[in-house]
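Raw run_8.csv, CSV, C-alpha atoms and all ligand atoms:
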chain,number,residue,atom,x,y,z
Y,1,MET,CA,0.0,0.0,0.0
Y,2,HIS,CA,1.5,3.3,-1.0
Y,3,HIS,CA,-0.7,5.7,1.0
Y,4,GLN,CA,-0.8,8.3,-1.7
Y,5,ASN,CA,-4.0,9.9,-0.3
Y,6,PRO,CA,-3.6,13.1,1.7
Y,7,VAL,CA,-4.9,12.8,5.3
Y,8,PHE,CA,-7.9,14.8,6.5
Y,9,ILE,CA,-7.2,14.6,10.2
Y,10,PRO,CA,-6.5,17.8,12.1
Y,11,GLY,CA,-2.9,16.8,12.8
Y,12,PRO,CA,-0.5,15.4,12.0
Y,13,THR,CA,-1.0,17.2,8.7
Y,14,ASN,CA,0.3,16.5,5.2
Y,15,MET,CA,4.0,17.2,4.8
Y,16,PRO,CA,5.3,19.1,1.8
Y,17,GLU,CA,8.1,17.2,0.1
Y,18,SER,CA,10.5,20.1,0.9
Y,19,LEU,CA,9.8,19.7,4.6
Y,20,ARG,CA,10.3,16.0,4.6
Y,21,ARG,CA,13.7,16.6,3.0
Y,22,ALA,CA,14.5,19.4,5.5
Y,23,CYS,CA,14.0,16.9,8.4
Y,24,ASP,CA,16.2,14.3,6.7
Y,25,LEU,CA,19.7,15.3,7.8
Y,26,PRO,CA,22.8,13.3,8.4
Y,27,THR,CA,23.9,13.3,12.0
Y,28,ILE,CA,25.5,16.6,13.0
Y,29,ASP,CA,27.2,17.6,16.3
Y,30,HIS,CA,24.6,19.5,18.2
Y,31,ARG,CA,27.4,21.4,19.9
Y,32,SER,CA,28.8,22.7,16.7
Y,33,SER,CA,28.3,26.1,15.0
Y,34,LEU,CA,26.3,24.2,12.3
Y,35,PHE,CA,23.6,23.6,14.9
Y,36,ALA,CA,23.5,27.3,15.9
Y,37,ASP,CA,22.5,28.0,12.2
Y,38,ILE,CA,19.5,25.7,12.7
Y,39,LEU,CA,18.4,26.6,16.2
Y,40,HIS,CA,18.4,30.4,16.1
Y,41,PRO,CA,16.6,30.7,12.7
Y,42,ALA,CA,14.0,28.2,13.9
Y,43,ARG,CA,13.3,30.1,17.1
Y,44,ASP,CA,13.2,33.4,15.2
Y,45,GLY,CA,10.9,32.0,12.6
Y,46,VAL,CA,8.4,30.8,15.2
Y,47,ARG,CA,8.5,34.2,16.9
Y,48,ARG,CA,7.7,35.9,13.6
Y,49,VAL,CA,4.8,33.5,12.9
Y,50,LEU,CA,3.5,34.3,16.3
Y,51,LYS,CA,3.7,38.0,15.5
Y,52,SER,CA,5.9,38.8,18.4
Y,53,ALA,CA,8.8,41.2,18.6
Y,54,ASP,CA,10.5,39.7,21.6
Y,55,ALA,CA,8.9,36.5,22.9
Y,56,GLU,CA,11.3,33.8,24.1
Y,57,VAL,CA,10.7,30.7,22.0
Y,58,PHE,CA,11.5,27.3,23.5
Y,59,LEU,CA,11.6,24.2,21.4
Y,60,PHE,CA,11.5,20.9,23.3
Y,61,PRO,CA,11.8,17.4,21.9
Y,62,SER,CA,8.1,16.7,22.8
Y,63,THR,CA,4.7,17.6,21.5
Y,64,GLY,CA,2.0,20.2,22.2
Y,65,THR,CA,1.2,18.5,25.5
Y,66,GLY,CA,4.7,19.1,26.6
Y,67,GLY,CA,4.2,22.7,25.7
Y,68,TRP,CA,1.3,22.8,28.2
Y,69,GLU,CA,3.4,21.3,30.8
Y,70,THR,CA,6.2,23.8,30.1
Y,71,ALA,CA,3.7,26.7,30.6
Y,72,ILE,CA,2.2,25.5,33.9
Y,73,THR,CA,5.3,24.1,35.6
Y,74,ASN,CA,7.5,27.0,34.9
Y,75,THR,CA,5.2,29.8,36.1
Y,76,LEU,CA,2.7,28.5,38.7
Y,77,SER,CA,3.3,27.4,42.2
Y,78,PRO,CA,1.8,24.5,44.2
Y,79,GLY,CA,-1.9,25.3,45.1
Y,80,ASP,CA,-2.2,28.2,42.6
Y,81,THR,CA,-5.6,28.9,41.0
Y,82,VAL,CA,-6.2,29.0,37.3
Y,83,LEU,CA,-9.3,29.8,35.3
Y,84,ALA,CA,-10.4,27.8,32.2
Y,85,ALA,CA,-13.5,27.1,30.1
Y,86,ARG,CA,-14.3,23.4,29.3
Y,87,ASN,CA,-15.8,23.3,25.8
Y,88,GLY,CA,-14.1,20.3,24.3
Y,89,MET,CA,-11.5,17.5,24.7
Y,90,PHE,CA,-8.4,19.7,24.4
Y,91,SER,CA,-9.5,22.3,27.0
Y,92,GLN,CA,-10.5,19.3,29.2
Y,93,LYS,CA,-7.1,17.7,28.9
Y,94,TRP,CA,-5.3,20.9,29.8
Y,95,ILE,CA,-7.6,21.2,32.9
Y,96,ASP,CA,-6.8,17.6,33.8
Y,97,MET,CA,-3.1,18.3,33.6
Y,98,CYS,CA,-3.5,21.3,35.9
Y,99,GLN,CA,-5.4,19.2,38.4
Y,100,ARG,CA,-2.8,16.4,38.3
Y,101,HIS,CA,-0.3,19.1,39.2
Y,102,LYS,CA,-2.5,20.0,42.2
Y,103,LEU,CA,-3.5,23.3,40.9
Y,104,GLU,CA,-6.9,24.7,41.7
Y,105,VAL,CA,-8.9,25.0,38.5
Y,106,ILE,CA,-12.0,27.3,38.3
Y,107,ILE,CA,-13.8,25.6,35.4
Y,108,VAL,CA,-16.4,27.4,33.4
Y,109,GLU,CA,-18.6,24.6,31.9
Y,110,THR,CA,-19.4,25.6,28.4
Y,111,PRO,CA,-21.4,23.7,25.8
Y,112,TRP,CA,-19.3,21.7,23.4
Y,113,GLY,CA,-19.8,23.8,20.2
Y,114,GLU,CA,-19.5,27.1,22.0
Y,115,GLY,CA,-16.4,29.3,22.4
Y,116,ILE,CA,-14.8,30.7,25.5
Y,117,PRO,CA,-17.4,32.9,27.3
Y,118,ALA,CA,-15.3,36.0,27.8
Y,119,ASP,CA,-18.1,37.8,29.6
Y,120,ARG,CA,-18.1,35.0,32.3
Y,121,PHE,CA,-14.4,35.3,32.6
Y,122,GLU,CA,-14.7,39.0,33.1
Y,123,GLU,CA,-17.2,38.5,36.0
Y,124,ILE,CA,-15.1,35.9,37.7
Y,125,LEU,CA,-11.9,38.0,37.3
Y,126,THR,CA,-13.6,41.1,38.5
Y,127,GLY,CA,-14.8,39.2,41.6
Y,128,ASP,CA,-11.3,37.9,42.3
Y,129,LYS,CA,-10.3,41.0,44.3
Y,130,GLY,CA,-7.4,39.2,46.0
Y,131,HIS,CA,-6.0,38.1,42.6
Y,132,ALA,CA,-5.9,34.5,43.6
Y,133,ILE,CA,-6.2,33.5,39.9
Y,134,LYS,CA,-2.7,33.3,38.6
Y,135,ALA,CA,-3.4,32.3,35.0
Y,136,VAL,CA,-6.2,32.2,32.5
Y,137,LEU,CA,-6.0,29.2,30.2
Y,138,ALA,CA,-7.5,29.6,26.7
Y,139,THR,CA,-7.7,27.0,24.0
Y,140,HIS,CA,-7.8,29.2,20.8
Y,141,ASN,CA,-9.0,26.5,18.5
Y,142,GLU,CA,-10.9,23.5,20.1
Y,143,THR,CA,-9.9,20.8,17.7
Y,144,ALA,CA,-12.5,18.4,19.0
Y,145,THR,CA,-15.5,20.6,18.1
Y,146,GLY,CA,-14.0,22.9,15.3
Y,147,VAL,CA,-14.6,26.0,17.4
Y,148,ARG,CA,-12.4,29.1,17.3
Y,149,SER,CA,-12.5,31.2,20.4
Y,150,ASP,CA,-11.9,35.0,20.4
Y,151,ILE,CA,-8.6,35.5,22.3
Y,152,ALA,CA,-8.7,39.2,21.8
Y,153,ALA,CA,-12.0,39.2,23.8
Y,154,VAL,CA,-10.5,37.1,26.6
Y,155,ARG,CA,-7.7,39.7,26.8
Y,156,ARG,CA,-10.2,42.5,26.9
Y,157,ALA,CA,-12.1,40.7,29.7
Y,158,MET,CA,-8.9,40.5,31.7
Y,159,ASP,CA,-8.0,44.1,31.1
Y,160,ALA,CA,-11.5,45.3,31.9
Y,161,ALA,CA,-11.3,43.4,35.2
Y,162,GLY,CA,-7.9,45.0,35.8
Y,163,HIS,CA,-6.6,41.5,36.6
Y,164,PRO,CA,-2.9,40.7,36.5
Y,165,ALA,CA,-3.2,37.0,35.7
Y,166,LEU,CA,-1.0,35.5,33.0
Y,167,LEU,CA,-2.7,34.6,29.7
Y,168,PHE,CA,-1.8,31.1,28.4
Y,169,VAL,CA,-3.1,30.2,24.9
Y,170,ASP,CA,-3.2,26.7,23.4
Y,171,GLY,CA,-2.6,27.5,19.7
Y,172,VAL,CA,-1.7,23.9,18.7
Y,173,SER,CA,-4.3,23.8,15.9
Y,174,SER,CA,-4.3,27.5,15.0
Y,175,ILE,CA,-0.8,28.8,15.0
Y,176,GLY,CA,0.6,29.0,11.5
Y,177,SER,CA,-2.9,28.5,10.0
Y,178,MET,CA,-5.2,31.2,11.5
Y,179,PRO,CA,-4.5,34.7,12.7
Y,180,PHE,CA,-2.6,34.7,16.0
Y,181,GLU,CA,-1.3,37.9,17.6
Y,182,PHE,CA,1.1,37.1,20.4
Y,183,ASP,CA,1.9,40.8,21.1
Y,184,GLY,CA,-1.4,42.2,20.0
Y,185,TRP,CA,-3.4,40.0,22.4
Y,186,LYS,CA,-0.7,40.4,25.1
Y,187,VAL,CA,-0.4,36.6,25.3
Y,188,ASP,CA,2.0,35.4,28.1
Y,189,ILE,CA,2.6,31.9,26.9
Y,190,ALA,CA,1.6,30.4,23.5
Y,191,VAL,CA,1.8,26.7,23.0
Y,192,THR,CA,2.0,24.6,19.9
Y,193,GLY,CA,3.6,21.5,18.3
Y,194,SER,CA,5.4,20.7,15.0
Y,195,GLN,CA,2.7,18.5,13.4
Y,196,LYS,CA,-0.1,20.9,12.7
Y,197,GLY,CA,0.3,24.3,11.1
Y,198,PHE,CA,4.0,23.8,10.7
Y,199,MET,CA,3.4,20.7,8.5
Y,200,LEU,CA,6.1,18.6,10.2
Y,201,PRO,CA,6.2,15.2,11.8
Y,202,ALA,CA,5.2,15.2,15.5
Y,203,GLY,CA,8.1,15.6,17.9
Y,204,LEU,CA,8.5,19.3,18.9
Y,205,GLY,CA,6.7,21.0,21.8
Y,206,ILE,CA,6.8,24.7,21.2
Y,207,ALA,CA,6.2,27.3,23.9
Y,208,ALA,CA,6.7,31.1,23.6
Y,209,PHE,CA,7.0,33.2,26.7
Y,210,SER,CA,6.4,36.9,27.2
Y,211,LYS,CA,8.7,39.0,29.5
Y,212,LYS,CA,6.0,38.7,32.2
Y,213,ALA,CA,6.0,34.9,31.9
Y,214,MET,CA,9.8,34.9,32.0
Y,215,ALA,CA,9.7,36.8,35.2
Y,216,ALA,CA,7.1,34.4,36.7
Y,217,ALA,CA,9.4,31.5,35.9
Y,218,GLU,CA,12.1,33.2,38.0
Y,219,THR,CA,10.0,33.6,41.1
Y,220,GLY,CA,7.5,30.7,40.9
Y,221,GLY,CA,7.3,27.2,39.5
Y,222,LEU,CA,6.3,23.7,40.2
Y,223,PRO,CA,8.7,20.8,40.3
Y,224,ARG,CA,10.2,20.6,36.8
Y,225,THR,CA,13.3,19.2,35.2
Y,226,TYR,CA,13.0,18.3,31.5
Y,227,PHE,CA,10.8,21.3,30.8
Y,228,ASP,CA,12.8,23.8,32.9
Y,229,ILE,CA,13.2,26.9,30.8
Y,230,ARG,CA,16.0,28.2,33.0
Y,231,ASP,CA,18.2,25.3,31.7
Y,232,MET,CA,17.0,26.0,28.2
Y,233,VAL,CA,17.9,29.7,28.5
Y,234,LYS,CA,21.4,28.7,29.5
Y,235,GLY,CA,21.6,26.2,26.7
Y,236,TYR,CA,20.5,28.7,24.1
Y,237,ALA,CA,23.0,31.3,25.2
Y,238,ALA,CA,25.7,28.7,24.4
Y,239,ASN,CA,24.0,27.7,21.1
Y,240,GLY,CA,23.0,24.4,22.6
Y,241,TYR,CA,20.6,22.4,24.7
Y,242,PRO,CA,20.6,20.9,28.2
Y,243,TYR,CA,20.2,17.5,26.4
Y,244,THR,CA,20.1,16.1,22.9
Y,245,PRO,CA,17.9,18.2,20.6
Y,246,ALA,CA,15.8,16.8,17.7
Y,247,VAL,CA,18.1,18.3,15.1
Y,248,GLY,CA,16.2,17.2,12.0
Y,249,LEU,CA,12.9,18.5,13.2
Y,250,LEU,CA,14.5,21.8,14.2
Y,251,ASN,CA,15.8,22.1,10.7
Y,252,GLY,CA,12.3,21.3,9.5
Y,253,LEU,CA,10.9,24.0,11.7
Y,254,LYS,CA,13.4,26.6,10.4
Y,255,VAL,CA,12.4,25.8,6.8
Y,256,ALA,CA,8.6,25.5,7.6
Y,257,SER,CA,8.5,28.9,9.3
Y,258,GLY,CA,10.4,30.3,6.4
Y,259,MET,CA,7.9,28.9,4.0
Y,260,LEU,CA,4.9,30.4,5.9
Y,261,LEU,CA,6.6,33.8,6.0
Y,262,ALA,CA,7.5,33.6,2.3
Y,263,GLU,CA,3.9,32.8,1.4
Y,264,GLY,CA,2.9,35.7,3.6
Y,265,LEU,CA,0.9,35.0,6.8
Y,266,ASP,CA,-2.1,36.8,5.5
Y,267,ASN,CA,-2.1,34.7,2.4
Y,268,VAL,CA,-1.7,31.5,4.5
Y,269,PHE,CA,-4.7,32.5,6.6
Y,270,ALA,CA,-6.7,33.5,3.5
Y,271,ARG,CA,-5.9,30.1,2.0
Y,272,HIS,CA,-7.2,28.3,5.1
Y,273,THR,CA,-10.4,30.3,5.2
Y,274,ARG,CA,-11.1,29.7,1.6
Y,275,ILE,CA,-10.5,25.9,1.8
Y,276,ALA,CA,-12.6,25.8,5.0
Y,277,GLU,CA,-15.4,27.6,3.2
Y,278,GLY,CA,-15.5,25.0,0.6
Y,279,VAL,CA,-15.7,22.2,3.2
Y,280,ARG,CA,-18.5,24.1,5.0
Y,281,ALA,CA,-20.4,24.6,1.8
Y,282,ALA,CA,-20.2,20.8,1.2
Y,283,VAL,CA,-21.5,20.1,4.7
Y,284,HIS,CA,-24.5,22.4,4.2
Y,285,ALA,CA,-25.1,20.8,0.7
Y,286,TRP,CA,-25.3,17.4,2.5
Y,287,GLY,CA,-28.0,18.9,4.8
Y,288,MET,CA,-25.7,18.4,7.8
Y,289,GLU,CA,-24.7,20.8,10.6
Y,290,LEU,CA,-21.4,21.7,12.1
Y,291,CYS,CA,-20.8,21.2,15.8
Y,292,ALA,CA,-19.7,24.8,16.1
Y,293,ALA,CA,-22.8,26.7,17.1
Y,294,ARG,CA,-22.5,29.8,14.9
Y,295,PRO,CA,-20.5,31.0,11.9
Y,296,ALA,CA,-18.4,33.4,14.1
Y,297,LEU,CA,-17.1,30.3,15.8
Y,298,TYR,CA,-16.2,28.3,12.7
Y,299,SER,CA,-12.7,27.0,12.7
Y,300,ASP,CA,-10.7,27.4,9.5
Y,301,THR,CA,-8.5,24.4,10.4
Y,302,VAL,CA,-11.0,21.7,11.3
Y,303,SER,CA,-14.7,21.0,10.8
Y,304,ALA,CA,-16.6,18.8,13.2
Y,305,ILE,CA,-19.7,17.5,11.4
Y,306,ARG,CA,-22.8,16.3,13.2
Y,307,THR,CA,-24.2,13.0,11.8
Y,308,PRO,CA,-27.9,12.2,12.0
Y,309,GLU,CA,-29.4,11.0,15.4
Y,310,GLY,CA,-28.9,7.3,16.0
Y,311,PHE,CA,-26.0,7.0,13.5
Y,312,ASP,CA,-22.6,6.2,14.9
Y,313,ALA,CA,-20.2,8.7,13.3
Y,314,ALA,CA,-17.3,6.5,14.2
Y,315,ARG,CA,-18.4,4.2,11.3
Y,316,ILE,CA,-17.5,6.9,8.8
Y,317,VAL,CA,-13.9,7.1,10.0
Y,318,LYS,CA,-13.6,3.3,10.1
Y,319,HIS,CA,-15.1,2.7,6.7
Y,320,ALA,CA,-13.1,5.6,5.1
Y,321,SER,CA,-9.9,4.0,6.4
Y,322,GLN,CA,-10.7,0.4,5.5
Y,323,ARG,CA,-12.4,0.9,2.1
Y,324,TYR,CA,-10.7,4.0,0.7
Y,325,ASP,CA,-7.4,4.3,2.7
Y,326,ILE,CA,-8.4,7.9,3.7
Y,327,ALA,CA,-8.2,9.4,7.2
Y,328,PHE,CA,-10.9,11.5,8.8
Y,329,GLY,CA,-10.9,12.5,12.5
Y,330,ALA,CA,-13.2,10.7,15.0
Y,331,GLY,CA,-15.4,12.4,17.5
Y,332,LEU,CA,-13.8,12.8,21.0
Y,333,GLY,CA,-15.2,12.8,24.5
Y,334,GLN,CA,-18.7,14.1,24.7
Y,335,VAL,CA,-19.1,14.2,21.0
Y,336,ALA,CA,-17.7,10.7,20.3
Y,337,GLY,CA,-20.0,8.9,17.8
Y,338,LYS,CA,-21.9,12.1,17.2
Y,339,VAL,CA,-19.4,13.9,14.9
Y,340,PHE,CA,-16.7,13.1,12.4
Y,341,ARG,CA,-14.0,15.7,11.6
Y,342,ILE,CA,-12.4,16.9,8.4
Y,343,GLY,CA,-9.1,18.5,9.1
Y,344,HIS,CA,-8.2,21.2,6.6
Y,345,LEU,CA,-5.0,22.7,7.8
Y,346,GLY,CA,-1.4,22.8,6.7
Y,347,SER,CA,-0.3,21.9,3.2
Y,348,LEU,CA,-3.6,21.6,1.3
Y,349,THR,CA,-4.9,22.8,-2.0
Y,350,ASP,CA,-8.4,23.2,-3.4
Y,351,VAL,CA,-7.9,20.0,-5.4
Y,352,MET,CA,-6.9,18.0,-2.3
Y,353,ALA,CA,-9.8,19.4,-0.4
Y,354,LEU,CA,-12.2,18.3,-3.2
Y,355,SER,CA,-10.8,14.8,-3.0
Y,356,GLY,CA,-11.5,14.6,0.7
Y,357,ILE,CA,-15.1,15.9,0.2
Y,358,ALA,CA,-15.6,13.4,-2.6
Y,359,ALA,CA,-14.3,10.5,-0.4
Y,360,ALA,CA,-16.6,11.6,2.5
Y,361,GLU,CA,-19.6,11.4,0.1
Y,362,MET,CA,-18.7,7.9,-1.0
Y,363,VAL,CA,-18.3,6.7,2.6
Y,364,MET,CA,-21.6,8.2,3.7
Y,365,ALA,CA,-23.4,6.8,0.7
Y,366,ASP,CA,-21.9,3.4,1.3
Y,367,LEU,CA,-23.2,3.5,4.9
Y,368,GLY,CA,-26.7,4.4,3.8
Y,369,LEU,CA,-26.8,8.1,4.7
Y,370,LYS,CA,-29.0,10.2,2.4
Y,371,ILE,CA,-26.2,11.9,0.5
Y,372,ARG,CA,-26.4,12.7,-3.2
Y,373,LEU,CA,-23.0,11.9,-4.7
Y,374,GLY,CA,-21.4,15.1,-6.0
Y,375,SER,CA,-23.6,17.5,-4.0
Y,376,GLY,CA,-20.9,18.6,-1.6
Y,377,VAL,CA,-18.2,18.5,-4.2
Y,378,ALA,CA,-20.3,20.8,-6.5
Y,379,ALA,CA,-20.9,23.2,-3.6
Y,380,ALA,CA,-17.1,23.4,-2.9
Y,381,GLN,CA,-16.2,23.7,-6.6
Y,382,GLU,CA,-18.5,26.7,-6.8
Y,383,ILE,CA,-16.6,28.3,-3.9
Y,384,TYR,CA,-13.2,27.4,-5.3
Y,385,ARG,CA,-13.8,28.5,-8.8
Y,386,THR,CA,-15.4,31.8,-8.0
Y,387,THR,CA,-13.0,33.1,-5.4
Y,388,ALA,CA,-9.5,34.3,-5.9
Y,389,GLN,CA,-6.9,31.7,-6.5
Y,390,PRO,CA,-4.6,31.4,-3.6
Y,391,LEU,CA,-0.9,31.9,-4.1
Y,392,ALA,CA,0.8,28.6,-4.6
Y,393,LEU,CA,2.7,27.3,-1.6
Y,394,ALA,CA,6.0,29.0,-1.5
Y,395,ALA,CA,8.4,27.5,-4.1
Y,396,GLU,CA,9.7,24.2,-2.7
I,401,LIG,C1,-3.3,18.4,18.9
I,401,LIG,C2,-3.7,19.3,20.0
I,401,LIG,C3,-3.1,19.2,21.3
I,401,LIG,C4,-2.2,18.1,21.6
I,401,LIG,O1,-1.0,18.2,21.1
I,401,LIG,P1,0.0,17.0,21.0
I,401,LIG,O2,1.1,17.6,20.1
I,401,LIG,O3,-0.7,15.8,20.4
I,401,LIG,O4,0.6,16.8,22.3
I,401,LIG,C5,-3.5,20.1,22.2
I,401,LIG,N1,-4.3,21.1,22.0
I,401,LIG,C6,-4.9,21.2,20.8
I,401,LIG,C7,-5.9,22.3,20.6
I,401,LIG,C8,-4.7,20.3,19.7
I,401,LIG,O5,-5.3,20.4,18.6
Kindly return the structure encoded in the file as structure tokens.
Amino acid sequence: MHHQNPVFIPGPTNMPESLRRACDLPTIDHRSSLFADILHPARDGVRRVLKSADAEVFLFPSTGTGGWETAITNTLSPGDTVLAARNGMFSQKWIDMCQRHKLEVIIVETPWGEGIPADRFEEILTGDKGHAIKAVLATHNETATGVRSDIAAVRRAMDAAGHPALLFVDGVSSIGSMPFEFDGWKVDIAVTGSQKGFMLPAGLGIAAFSKKAMAAAETGGLPRTYFDIRDMVKGYAANGYPYTPAVGLLNGLKVASGMLLAEGLDNVFARHTRIAEGVRAAVHAWGMELCAARPALYSDTVSAIRTPEGFDAARIVKHASQRYDIAFGAGLGQVAGKVFRIGHLGSLTDVMALSGIAAAEMVMADLGLKIRLGSGVAAAQEIYRTTAQPLALAAE
């Protein structure tokens, strides 16, 4: 089996050939100057993708989950309180990690399909006169439900309450694909991984710290060793790591961030919006609904699609894999069996998206759902042929 089909899971995403090659390096000495020429441009590239002038970017051999752990263990102290909304599997997992670290979590229960309720956050933060809350945790793009939250609104809520808590943002499935303003939103820590918007294999946990977060890491902190950014700071100052870095992936990250910046971040975001609009047009043509409650919440990187009552959505994912060797995302947690997901982020073209929509139609028709073959494809074609062509991915 050659696996020539693109994947339609919301990470890991399809890898451009140029990035596969960039990761494929002979062994080099990670204490040599050769490594410095990989490390520093990779960190700088991520900082620019985040739209930050001076964030400290840390790149761990890990994944996005390690980025979460980096955020909380470096800045919070035992027993500290944090504030988070629970509106999907990823926000839930971050909350769980905080609880396992014995942090106190104020959880705002939010329907799955809704975004972060910034107004509730403002009330809670305004009521927290003693500033017990040390950090606000926000999942920018809830990959389980295909919901994008408004981080600018979360920041406005914090400012309106005059609250000094740190703002931590999970941007694992948004950074590099949807607008993200590290400085503009006054984000204190942004977290992502290598295998989503950066189009690389999994293996890097990425965390960017503001000056305020760096200061918190000096005065606070939970037990930490592997993810201790103080060791990382010392390592970077000497062009190295406190342990053995994932050199090939770091080179991939240098090239990937260069590709995104060469395409132009606004063009990258517009390409994602356009491809997502085609997918959404298909979903509506099928007579189906998104899990996201309103258009303002629609994610441009993943669509979670509700299947009819009584139909197990997991069958779509299984049949697609077994019959057509094509990968869609399953429903997670509360929406398991109720939705299937089409990931549409990273290295993707109109034509690739059309193939995924066509495959989804075959799968649903095979399983007896009332789908007219070609209806979703036609709706997406109409979007793709009548809107501006995206720039091609930067020359490989
Ligand atoms: C994928 C994802 C994660 C988990 O990242 P890993 O790299 O798998 O550890 C966390 N948050 C969101 C929003 C994600 O999409």
What are the nearest atom pairs, with distances in Å to one decimal, for all residues of chain Y that come at most 8 Å from ligand LIG 401 (chain I), using all atoms listed in the file, set out by chain and rising residue number as JSON lines?
{"residue": "Y:Pro10", "atom": "CA", "partner": "I:LIG401", "partner_atom": "O5", "distance": 7.1}
{"residue": "Y:Gly11", "atom": "CA", "partner": "I:LIG401", "partner_atom": "C1", "distance": 6.3}
{"residue": "Y:Ser62", "atom": "CA", "partner": "I:LIG401", "partner_atom": "O4", "distance": 7.5}
{"residue": "Y:Thr63", "atom": "CA", "partner": "I:LIG401", "partner_atom": "O2", "distance": 3.9}
{"residue": "Y:Gly64", "atom": "CA", "partner": "I:LIG401", "partner_atom": "O2", "distance": 3.5}
{"residue": "Y:Thr65", "atom": "CA", "partner": "I:LIG401", "partner_atom": "O4", "distance": 3.7}
{"residue": "Y:Gly66", "atom": "CA", "partner": "I:LIG401", "partner_atom": "O4", "distance": 6.4}
{"residue": "Y:Gly67", "atom": "CA", "partner": "I:LIG401", "partner_atom": "O4", "distance": 7.7}
{"residue": "Y:Phe90", "atom": "CA", "partner": "I:LIG401", "partner_atom": "N1", "distance": 5.0}
{"residue": "Y:Ser91", "atom": "CA", "partner": "I:LIG401", "partner_atom": "N1", "distance": 7.3}
{"residue": "Y:Lys93", "atom": "CA", "partner": "I:LIG401", "partner_atom": "C5", "distance": 8.0}
{"residue": "Y:Trp94", "atom": "CA", "partner": "I:LIG401", "partner_atom": "C5", "distance": 7.9}
{"residue": "Y:Thr139", "atom": "CA", "partner": "I:LIG401", "partner_atom": "C7", "distance": 6.1}
{"residue": "Y:His140", "atom": "CA", "partner": "I:LIG401", "partner_atom": "C7", "distance": 7.2}
{"residue": "Y:Asn141", "atom": "CA", "partner": "I:LIG401", "partner_atom": "C7", "distance": 5.6}
{"residue": "Y:Glu142", "atom": "CA", "partner": "I:LIG401", "partner_atom": "C7", "distance": 5.2}
{"residue": "Y:Thr143", "atom": "CA", "partner": "I:LIG401", "partner_atom": "O5", "distance": 4.7}
{"residue": "Y:Ala144", "atom": "CA", "partner": "I:LIG401", "partner_atom": "O5", "distance": 7.5}
{"residue": "Y:Asp170", "atom": "CA", "partner": "I:LIG401", "partner_atom": "C7", "distance": 5.9}
{"residue": "Y:Gly171", "atom": "CA", "partner": "I:LIG401", "partner_atom": "C7", "distance": 6.2}
{"residue": "Y:Val172", "atom": "CA", "partner": "I:LIG401", "partner_atom": "C6", "distance": 4.7}
{"residue": "Y:Ser173", "atom": "CA", "partner": "I:LIG401", "partner_atom": "O5", "distance": 4.5}
{"residue": "Y:Ser174", "atom": "CA", "partner": "I:LIG401", "partner_atom": "C7", "distance": 7.8}
{"residue": "Y:Thr192", "atom": "CA", "partner": "I:LIG401", "partner_atom": "O2", "distance": 7.1}
{"residue": "Y:Gly193", "atom": "CA", "partner": "I:LIG401", "partner_atom": "O2", "distance": 5.0}
{"residue": "Y:Ser194", "atom": "CA", "partner": "I:LIG401", "partner_atom": "O2", "distance": 7.4}
{"residue": "Y:Gln195", "atom": "CA", "partner": "I:LIG401", "partner_atom": "O2", "distance": 6.9}
{"residue": "Y:Lys196", "atom": "CA", "partner": "I:LIG401", "partner_atom": "C1", "distance": 7.4}
{"residue": "Y:Ala202", "atom": "CA", "partner": "I:LIG401", "partner_atom": "O2", "distance": 6.6}
{"residue": "Y:Gly203", "atom": "CA", "partner": "I:LIG401", "partner_atom": "O2", "distance": 7.6}
{"residue": "Y:Leu204", "atom": "CA", "partner": "I:LIG401", "partner_atom": "O2", "distance": 7.7}
{"residue": "Y:Gly205", "atom": "CA", "partner": "I:LIG401", "partner_atom": "O2", "distance": 6.8}
With all atoms listed in the file as the counted atoms, please give the residues lying no more than 7 Å from stretch 34-37 of chain Y, apart from itself and same-chain residues fewer than 4 positions off, as a compact mmCIF listing (two decimals) with C-alpha atoms, in the frame of the given file.
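Output saved as part_8.txt:
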# COMPACT_ATOMS: atom_id res chain seq x y z
CA HIS Y 30 24.60 19.50 18.20
CA PRO Y 41 16.60 30.70 12.70
CA ASN Y 239 24.00 27.70 21.10
Proximity check stretch 172-210 of chain Y to stretch 15-25 of chain Y, 8 Å, nearest pairs one decimal Å, only C-alpha atoms, as a Markdown table:
| residue | atom | partner | partner_atom | distance |
| --- | --- | --- | --- | --- |
| Y:Met199 | CA | Y:Met15 | CA | 5.1 |
| Y:Leu200 | CA | Y:Met15 | CA | 6.0 |
| Y:Pro201 | CA | Y:Met15 | CA | 7.6 |
Would you mind exporting C-alpha atoms of the selected residues as a PDB file, keeping the file's coordinate frame?
ATOM      1  CA  MET Y 199       3.400  20.700   8.500  1.00  0.00           C
ATOM      2  CA  LEU Y 200       6.100  18.600  10.200  1.00  0.00           C
ATOM      3  CA  PRO Y 201       6.200  15.200  11.800  1.00  0.00           C
TER       4      PRO Y 201
END
Between Y:Phe58, Y:Tyr236, Y:Trp68, Y:Tyr384, which one has atoms that come closest to Y:Ile275, using only C-alpha atoms? Y:Tyr384
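Distances here use all atoms listed in the file; by that measure, the residue among Y:Ser177, Y:Ser355, Y:Asn14, Y:Thr301 closest to Y:Ala378 is Y:Ser355.
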Need to verify the contact set: Y:Trp112, 7 Å, all atoms listed in the file, exclusion of same-chain residues closer than 2 positions in sequence. Can you return it as a PyMOL selection string? chain Y and resi 87-88+110+114+145
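When all atoms listed in the file are used to measure the gap to Y:Ala336, the shortest distance among Y:Cys291, Y:Ala213, Y:Ile206, Y:Ala152 belongs to Y:Cys291.
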Residue nearest Y:Gln4 - candidates Y:Ala215, Y:Ala327, Y:Val82, Y:Ala365, atoms counted: only C-alpha atoms: Y:Ala327
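Proximity to Y:Gly287 was assessed for Y:Thr273, Y:Thr307, Y:Gln92, Y:Ser299 counting all atoms listed in the file; the smallest distance is recorded for Y:Thr307.
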